[in-house]
Every structure is written in C-alpha cells, then in structure tokens.
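Data from model.txt: compact mmCIF, C-alpha atoms
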```txt
# COMPACT_ATOMS: atom_id res chain seq x y z
CA MET F 30 -188.79 105.85 -20.84
CA LEU F 31 -185.67 103.96 -19.78
CA GLU F 32 -184.88 102.82 -16.27
CA LEU F 33 -181.42 101.48 -15.51
CA LYS F 34 -180.67 99.33 -12.50
CA GLN F 35 -177.01 98.82 -11.72
CA GLU F 36 -175.99 95.95 -9.47
CA PRO F 37 -172.48 94.64 -8.75
CA GLN F 38 -172.53 91.92 -11.42
CA LYS F 39 -175.29 93.05 -13.73
CA LEU F 40 -176.99 95.94 -15.44
CA THR F 41 -180.72 95.79 -16.14
CA ALA F 42 -182.31 98.16 -18.65
CA PHE F 43 -186.08 98.35 -18.24
CA LEU F 44 -187.28 99.54 -21.62
CA SER F 45 -190.77 100.95 -22.10
CA GLY F 46 -193.13 102.37 -24.70
CA GLU F 47 -192.44 102.02 -28.42
CA ILE F 48 -189.02 101.08 -29.79
CA ASP F 49 -188.56 102.30 -33.34
CA HIS F 50 -185.85 103.99 -35.40
CA HIS F 51 -186.79 107.38 -33.95
CA ARG F 52 -186.17 106.24 -30.35
CA ALA F 53 -183.40 103.67 -30.84
CA LYS F 54 -180.54 106.18 -30.82
CA GLU F 55 -181.29 107.66 -27.39
CA LEU F 56 -181.81 104.18 -25.91
CA ARG F 57 -178.56 102.92 -27.40
CA GLU F 58 -176.60 105.90 -26.07
CA ALA F 59 -178.03 105.63 -22.56
CA ILE F 60 -177.47 101.87 -22.30
CA ASP F 61 -173.94 102.04 -23.70
CA PHE F 62 -173.02 104.83 -21.32
CA ALA F 63 -174.09 102.69 -18.35
CA VAL F 64 -172.34 99.59 -19.74
CA ARG F 65 -169.05 101.47 -20.14
CA GLU F 66 -169.25 102.71 -16.55
CA GLN F 67 -168.95 99.22 -15.06
CA TYR F 68 -168.57 96.61 -17.84
CA PRO F 69 -171.05 94.27 -16.10
CA PRO F 70 -170.72 90.51 -16.77
CA THR F 71 -174.48 90.36 -17.47
CA VAL F 72 -176.63 92.93 -19.23
CA ILE F 73 -180.41 92.41 -19.18
CA LEU F 74 -182.80 94.15 -21.53
CA ASP F 75 -186.25 93.88 -19.95
CA PHE F 76 -189.11 94.32 -22.44
CA ARG F 77 -192.11 93.84 -20.17
CA ARG F 78 -193.25 97.46 -20.56
CA VAL F 79 -192.51 97.73 -24.28
CA THR F 80 -195.72 98.16 -26.27
CA PHE F 81 -194.22 98.00 -29.78
CA MET F 82 -190.94 97.10 -31.43
CA ASP F 83 -189.87 96.86 -35.07
CA SER F 84 -186.51 95.76 -36.50
CA SER F 85 -184.90 98.90 -35.03
CA GLY F 86 -185.11 97.01 -31.72
CA ILE F 87 -183.27 94.10 -33.32
CA GLY F 88 -180.56 96.55 -34.37
CA LEU F 89 -180.43 97.71 -30.75
CA ILE F 90 -180.02 94.11 -29.53
CA MET F 91 -177.40 93.29 -32.20
CA GLY F 92 -175.38 96.37 -31.35
CA ARG F 93 -175.40 95.67 -27.59
CA SER F 94 -174.49 92.05 -28.28
CA ARG F 95 -171.42 93.26 -30.20
CA LEU F 96 -170.47 95.66 -27.42
CA LEU F 97 -170.67 92.89 -24.81
CA GLU F 98 -168.66 90.54 -27.01
CA GLU F 99 -165.80 93.03 -26.81
CA TYR F 100 -165.29 92.26 -23.11
CA GLY F 101 -166.97 88.86 -22.74
CA GLY F 102 -170.27 89.98 -21.25
CA THR F 103 -173.56 88.09 -21.60
CA LEU F 104 -176.75 89.62 -22.98
CA GLU F 105 -180.18 88.52 -21.75
CA ILE F 106 -183.62 89.50 -23.03
CA HIS F 107 -186.33 89.33 -20.39
CA ASN F 108 -190.14 89.24 -20.60
CA PRO F 109 -190.81 90.08 -24.28
CA PRO F 110 -194.56 90.48 -24.95
CA PRO F 111 -196.07 88.43 -27.86
CA GLN F 112 -195.51 90.96 -30.69
CA ILE F 113 -191.89 91.40 -29.69
CA ARG F 114 -191.37 87.65 -29.36
CA LYS F 115 -192.55 87.33 -32.95
CA VAL F 116 -190.08 89.95 -34.21
CA LEU F 117 -187.31 88.24 -32.21
CA ARG F 118 -188.17 84.86 -33.71
CA ILE F 119 -188.04 86.13 -37.29
CA SER F 120 -184.73 87.87 -36.72
CA GLY F 121 -182.99 84.93 -35.07
CA ALA F 122 -182.15 87.15 -32.09
CA ASP F 123 -182.31 84.07 -29.88
CA ARG F 124 -178.83 83.31 -31.21
CA LEU F 125 -177.53 86.63 -29.86
CA ALA F 126 -179.05 86.58 -26.41
CA VAL F 127 -180.64 84.34 -23.81
CA ILE F 128 -184.40 84.99 -23.86
CA ARG F 129 -186.26 84.52 -20.59
CA SER F 130 -189.83 85.09 -19.49
CA TYR F 131 -190.16 85.25 -15.75
CA ALA F 132 -193.89 85.74 -16.02
CA GLU F 133 -194.17 82.06 -16.98
CA PRO F 134 -194.35 79.68 -14.02
CA PRO F 135 -190.87 78.44 -13.08
CA LYS F 136 -190.28 74.76 -13.81
CA GLN F 137 -188.75 74.04 -10.43
CA PRO F 138 -190.21 76.46 -7.91
CA ASP F 139 -187.85 77.22 -5.09
CA PRO F 140 -189.79 77.16 -1.81
CA ALA F 141 -187.10 79.28 -0.19
CA ALA F 142 -187.51 82.05 -2.73
CA PRO F 143 -189.36 85.10 -1.45
CA ALA F 144 -192.82 85.23 -3.02
CA PRO F 145 -193.60 88.96 -3.19
CA PRO F 146 -191.07 90.03 -5.86
CA ASP F 147 -192.22 87.25 -8.20
CA ALA F 148 -195.87 88.08 -7.65
CA GLU F 149 -195.13 91.71 -8.31
CA GLN F 150 -193.28 90.86 -11.50
CA HIS F 151 -196.20 88.72 -12.64
CA ALA F 152 -198.64 91.56 -12.05
CA GLU F 153 -196.44 93.97 -13.98
CA GLN F 154 -196.24 91.58 -16.90
CA LYS F 155 -200.02 91.24 -16.98
CA GLU F 156 -200.31 95.00 -16.98
CA ALA F 157 -197.85 95.27 -19.87
CA GLU F 158 -199.75 92.69 -21.89
CA HIS F 159 -202.98 94.49 -21.20
CA GLU F 160 -201.53 97.74 -22.52
CA TYR F 161 -200.22 95.91 -25.56
CA ALA F 162 -203.67 94.51 -26.30
CA GLN F 163 -205.32 97.91 -26.49
CA MET V 25 -209.89 96.58 -57.85
CA ASN V 26 -213.13 97.23 -56.00
CA THR V 27 -212.10 99.70 -53.30
CA LEU V 28 -214.52 99.93 -50.37
CA ASN V 29 -212.73 102.72 -48.58
CA GLU V 30 -209.53 104.67 -49.10
CA LEU V 31 -207.06 106.82 -47.18
CA LYS V 32 -204.33 108.98 -48.68
CA CYS V 33 -201.75 110.83 -46.68
CA THR V 34 -198.48 112.58 -47.45
CA PHE V 35 -195.95 113.63 -44.84
CA PRO V 36 -192.24 114.57 -44.62
CA ALA V 37 -189.70 111.75 -44.29
CA ARG V 38 -188.86 112.57 -40.69
CA SER V 39 -188.39 109.98 -37.95
CA GLU V 40 -190.96 111.75 -35.74
CA ASN V 41 -193.58 110.54 -38.22
CA GLU V 42 -192.84 106.81 -37.88
CA SER V 43 -195.19 106.39 -34.94
CA PHE V 44 -197.86 108.54 -36.57
CA ALA V 45 -197.77 106.55 -39.84
CA ARG V 46 -198.18 103.09 -38.30
CA THR V 47 -200.86 104.33 -35.89
CA MET V 48 -202.78 106.01 -38.72
CA VAL V 49 -202.83 102.86 -40.87
CA CYS V 50 -203.93 100.71 -37.94
CA ALA V 51 -206.70 103.13 -36.98
CA PHE V 52 -208.05 102.94 -40.54
CA ALA V 53 -207.65 99.14 -40.62
CA ALA V 54 -209.80 98.81 -37.49
CA GLN V 55 -212.85 98.94 -39.79
CA LEU V 56 -211.98 95.41 -40.93
CA ASP V 57 -212.24 94.12 -37.35
CA PRO V 58 -208.72 92.68 -37.21
CA THR V 59 -207.45 90.51 -34.37
CA VAL V 60 -204.91 91.94 -31.94
CA GLU V 61 -202.18 89.87 -33.59
CA GLU V 62 -203.11 90.96 -37.13
CA LEU V 63 -203.08 94.59 -36.06
CA ALA V 64 -199.66 94.16 -34.41
CA ASP V 65 -198.34 92.55 -37.62
CA LEU V 66 -199.69 95.41 -39.72
CA ARG V 67 -198.29 98.04 -37.36
CA THR V 68 -194.85 96.43 -37.56
CA ALA V 69 -194.86 96.02 -41.36
CA VAL V 70 -195.90 99.66 -41.92
CA SER V 71 -193.27 100.85 -39.47
CA GLU V 72 -190.58 98.99 -41.43
CA ALA V 73 -191.66 100.41 -44.79
CA VAL V 74 -191.89 103.99 -43.54
CA THR V 75 -188.58 103.70 -41.67
CA ASN V 76 -186.88 102.54 -44.89
CA CYS V 77 -188.06 105.74 -46.60
CA ILE V 78 -186.79 107.85 -43.70
CA VAL V 79 -183.42 106.12 -43.30
CA HIS V 80 -182.54 105.46 -46.94
CA ALA V 81 -184.66 107.25 -49.54
CA TYR V 82 -183.43 110.81 -49.11
CA ARG V 83 -179.89 110.11 -47.94
CA GLY V 84 -177.74 113.01 -49.12
CA LEU V 85 -180.77 114.66 -50.70
CA PRO V 86 -183.10 117.39 -49.43
CA ALA V 87 -185.66 115.68 -47.18
CA GLY V 88 -188.66 114.65 -49.26
CA MET V 89 -192.11 113.28 -48.74
CA ILE V 90 -193.63 109.87 -48.11
CA ALA V 91 -196.99 109.09 -49.71
CA VAL V 92 -199.15 106.47 -48.05
CA THR V 93 -202.28 105.04 -49.65
CA VAL V 94 -204.45 102.54 -47.80
CA ARG V 95 -207.35 100.73 -49.45
CA LEU V 96 -209.89 98.43 -47.89
CA LEU V 97 -210.76 95.76 -50.45
CA PRO V 98 -213.48 93.08 -50.47
CA GLU V 99 -213.10 90.00 -48.30
CA GLY V 100 -211.29 91.86 -45.54
CA VAL V 101 -208.13 92.59 -47.49
CA ILE V 102 -206.11 95.71 -46.73
CA TYR V 103 -203.81 97.15 -49.38
CA ILE V 104 -201.06 99.56 -48.37
CA ARG V 105 -198.84 101.51 -50.73
CA ILE V 106 -195.88 103.44 -49.34
CA ALA V 107 -193.95 105.49 -51.86
CA ASP V 108 -191.05 107.93 -51.86
CA LYS V 109 -189.36 109.97 -54.57
CA GLY V 110 -185.88 109.39 -53.24
CA CYS V 111 -182.68 107.78 -54.46
CA GLY V 112 -184.21 104.42 -55.34
CA ILE V 113 -182.71 100.96 -54.89
CA ALA V 114 -180.25 99.75 -57.53
CA ASP V 115 -180.33 96.10 -56.43
CA ILE V 116 -183.67 95.14 -54.87
CA GLY V 117 -182.59 91.52 -54.41
CA GLN V 118 -179.64 92.59 -52.30
CA ALA V 119 -181.77 95.07 -50.32
CA MET V 120 -184.25 92.31 -49.50
CA THR V 121 -181.59 89.86 -48.35
CA PRO V 122 -182.02 89.21 -44.60
CA LEU V 123 -179.39 91.00 -42.50
CA TYR V 124 -178.13 93.11 -45.44
CA SER V 125 -178.11 96.82 -44.65
CA SER V 126 -176.62 99.73 -46.50
CA ALA V 127 -176.55 101.61 -43.18
CA PRO V 128 -174.91 99.20 -40.68
CA ALA V 129 -173.13 102.08 -38.91
CA GLU V 130 -176.55 103.29 -37.76
CA GLU V 131 -177.28 99.86 -36.29
CA ARG V 132 -179.88 98.97 -38.86
CA ALA V 133 -180.46 95.22 -38.58
CA GLY V 134 -181.12 94.68 -42.28
CA LEU V 135 -184.43 92.99 -41.51
CA GLY V 136 -186.99 95.54 -42.70
CA PHE V 137 -188.10 93.66 -45.82
CA THR V 138 -187.89 90.32 -43.97
CA VAL V 139 -190.36 91.61 -41.36
CA MET V 140 -192.66 93.03 -44.08
CA GLN V 141 -192.64 89.67 -45.87
CA ASN V 142 -193.35 87.69 -42.72
CA PHE V 143 -196.05 90.00 -41.35
CA THR V 144 -198.13 90.46 -44.52
CA ASP V 145 -199.57 88.12 -47.17
CA GLN V 146 -198.01 89.82 -50.15
CA LEU V 147 -195.14 92.27 -50.62
CA ASN V 148 -194.07 94.01 -53.80
CA VAL V 149 -191.16 96.39 -54.20
CA THR V 150 -190.56 98.48 -57.30
CA SER V 151 -187.77 101.01 -57.58
CA ARG V 152 -185.98 103.18 -60.09
CA PRO V 153 -182.63 104.66 -59.13
CA GLY V 154 -182.97 108.43 -58.92
CA ARG V 155 -186.76 108.25 -59.08
CA GLY V 156 -187.87 106.54 -55.90
CA THR V 157 -189.25 103.36 -54.42
CA THR V 158 -192.77 102.02 -53.99
CA VAL V 159 -193.65 99.24 -51.57
CA THR V 160 -197.08 97.62 -51.69
CA MET V 161 -198.40 95.14 -49.16
CA ARG V 162 -201.62 93.17 -48.84
CA LYS V 163 -202.99 91.41 -45.82
CA LYS V 164 -206.26 89.68 -45.09
CA LEU V 165 -207.72 90.83 -41.79
CA GLY V 166 -210.49 89.78 -39.44
CA ASN V 167 -213.04 87.17 -40.43
CA GLY V 168 -213.14 88.28 -44.05
CA GLY V 169 -216.12 90.58 -43.69
CA GLU V 170 -219.78 89.69 -44.19
```
structure tokens encoding of this file:
Amino acid sequence: MLELKQEPQKLTAFLSGEIDHHRAKELREAIDFAVREQYPPTVILDFRRVTFMDSSGIGLIMGRSRLLEEYGGTLEIHNPPPQIRKVLRISGADRLAVIRSYAEPPKQPDPAAPAPPDAEQHAEQKEAEHEYAQ
Amino acid sequence: MNTLNELKCTFPARSENESFARTMVCAFAAQLDPTVEELADLRTAVSEAVTNCIVHAYRGLPAGMIAVTVRLLPEGVIYIRIADKGCGIADIGQAMTPLYSSAPAEERAGLGFTVMQNFTDQLNVTSRPGRGTTVTMRKKLGNGGE
C-alpha cells in the first residue's frame, strides 16, 4: 500500500488506497524511517493512486513538513485526485508543500524529454481517477 | 420531519470501523442519486465525525460505541447523526477552531470540524462533558428527487 523510491537527491512515496486515521500511523512510520535513512533534499508524496483521504492525510502532510523543516528539506505533493485536492485546498496545505500535477499538460513541453515515461504517468493518473469515480 | 428511509447502526469506537462507517453511509445515500463529488464530500465528512469519536470520545475510558443514524428526507436531503457517550467537549468553540487539536502528538491536523462544515450544508454539534457528543449534518444530494 506504500511504495518508496529512493534516489540520490530525493525520496518519492507512492501512496495508495484510502488514507484515514486508521492507516496514517503505519504510513507515517514507514515514510519517516526512509527519510531518516538518507535525509533527502526533496521528499515527494505522490497521491495518484489514493482513492480517499480525510484530514488524517493533512496531519500526515503537516507532520512530514515539520520533519523536513528540521534539516531544510522540501516537501512536494504530486498528482492529487479531485477529492484530495479539495481537502488540501480547505486545509491550506498548499502553504506547506509544493503541489504539482504531472497529468496536466506541461506549459512548455521539452522536445528532448523522453515521451514514454510521461505517457505512462498520464495513463496511471487516468486509471486512478477512474477508480476514484467508482 | 418526514423521513422517507432510515438506517441505524451501532458499532465499537475502533479505528478499523472508520472505513466501514463512511462506506455504509455512502451506500445508503446512493438512493438519492448523488453526483460523484457529493458522494466524496459525504464520505469525507462522515469519516471526520466518526474519527473524532474514535480519537477523542473514549480517551482514558473503556472503549464505547458509536451510534449512526441516517435519514433520507424529502427534496434529496440526507441527514446524518453520529453520537457517542464519551467524555464530551467542554469548549465546542475551541474544538471547532481550524487547526486546533487536543491530540497534536498523534498528528491530528485539527481540521475535522472544518472539513465537516465545508463538505455539508449544515453542521450541528451538541455535547455535555461526561455524557457524550452528538454531531448532526445535512446535505442536499442529487437533483433533489422527483
């Protein structure tokens, strides 16, 4: 339910399923463990496969934001589906983290950029939104 | 109050039941033909109310029960009542203040009531210290029925 991708300068946590109070603790512990292993300059929480989130997810974001502040890291939130975007908006979480949606067409497409990863990402996002709609 | 249909359910205040509670209410609400967004709003608001009972109501007390009543009212309105018999809230105003939490160590954001307010049409909270707390919410769903 949580996939962590560690790269030299960043840690990406691909979250999935439903994020509520019941699940927040295990997610928090797993992410923090990985953060403390390498103290990455950038930590990304990717929400594309998350089907539901209540304010427990905001607590999760706030807590990670505080942890990253301790060593000067940057928190990014990627690909939040519509319901999650709404919860983020109400909570003012956009002040805690950079929010990005890569599924949206880039403003300045880079012709040199390899196409397949982007196309794959787009397809995954569509799939996530489809699941959310059910 | 002209109730068209009604659901009553009681379950222990355990975090395993958070998912069950919001899914149950949404399954019942489907009769009102809600939009995807309305259903997501309802799911989130119910999750917040039930989580409050689980996190706060029975703190330091033997785990108690949560009673959920859902009524489908005329004109596509859903009424939800979520009640516990826990410790109650001494200062409801403070509890409803955005970002206030009495459990910050557990990484509670202090946004439960804020989400309930934003995702429903009407929110009422009544509480008596030592007796428990009752949250009621109303939301108009779908096209308002025939």
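Between CA of Thr158 (chain V) and CA of Ala53 (chain V) the separation is 20.2 Å.
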Can I get the residues of region 93-144 of chain V within 9 Å of region 113-134 of chain F, each with the closest pair of atoms and their distance in Å to one decimal, using all atoms listed in the file, sorted chain first then ascending number, as JSON lines?
```
{"residue": "V:Pro122", "atom": "CA", "partner": "F:Ser120", "partner_atom": "CA", "distance": 8.4}
{"residue": "V:Leu123", "atom": "CA", "partner": "F:Ser120", "partner_atom": "CA", "distance": 8.5}
{"residue": "V:Ala133", "atom": "CA", "partner": "F:Ser120", "partner_atom": "CA", "distance": 8.7}
{"residue": "V:Leu135", "atom": "CA", "partner": "F:Ser120", "partner_atom": "CA", "distance": 7.0}
{"residue": "V:Thr138", "atom": "CA", "partner": "F:Ile119", "partner_atom": "CA", "distance": 7.9}
{"residue": "V:Val139", "atom": "CA", "partner": "F:Ile119", "partner_atom": "CA", "distance": 7.2}
{"residue": "V:Asn142", "atom": "CA", "partner": "F:Ile119", "partner_atom": "CA", "distance": 7.8}
```
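Shortest atom-to-atom contact with Glu99 (chain F) among F:Leu33, F:Val64, F:Ile87, F:Leu74: F:Val64, counting all atoms listed in the file.
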Go through F:Leu97, F:Ile48, F:Ala63, F:Met30 one by one, measure the shortest atom-to-atom distance of each to chain V using all atoms listed in the file, and give the residue with the smallest value.
F:Ile48
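Every chain F residue lying within 6 Å of chain V, based on only C-alpha atoms, is listed here: His51, Asp83 and Gly88 of chain F.
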Only C-alpha atoms, please: the residues just picked out, written as a JSON list (two decimals), in the frame of the given file.
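Saved result, part.json, follows:
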```json
[["chain", "number", "residue", "atom", "x", "y", "z"],
["F", 51, "HIS", "CA", -186.79, 107.38, -33.95],
["F", 83, "ASP", "CA", -189.87, 96.86, -35.07],
["F", 88, "GLY", "CA", -180.56, 96.55, -34.37]]
```
If we count only C-alpha atoms, what is near Leu28 (chain V) at a cut-off of 9 Å, once residues fewer than 3 positions away on the same chain are taken out, given as JSON, numbers by chain?
{"V": [95, 96, 97, 98]}
Which is closer to Glu98 (chain F) than all the others in F:Pro69, F:Thr41, F:Gly86, F:Glu36, using only C-alpha atoms?
F:Pro69
What is the CA of Ser94 (chain F) to CA of Val72 (chain F) distance in Å?
9.3 Å
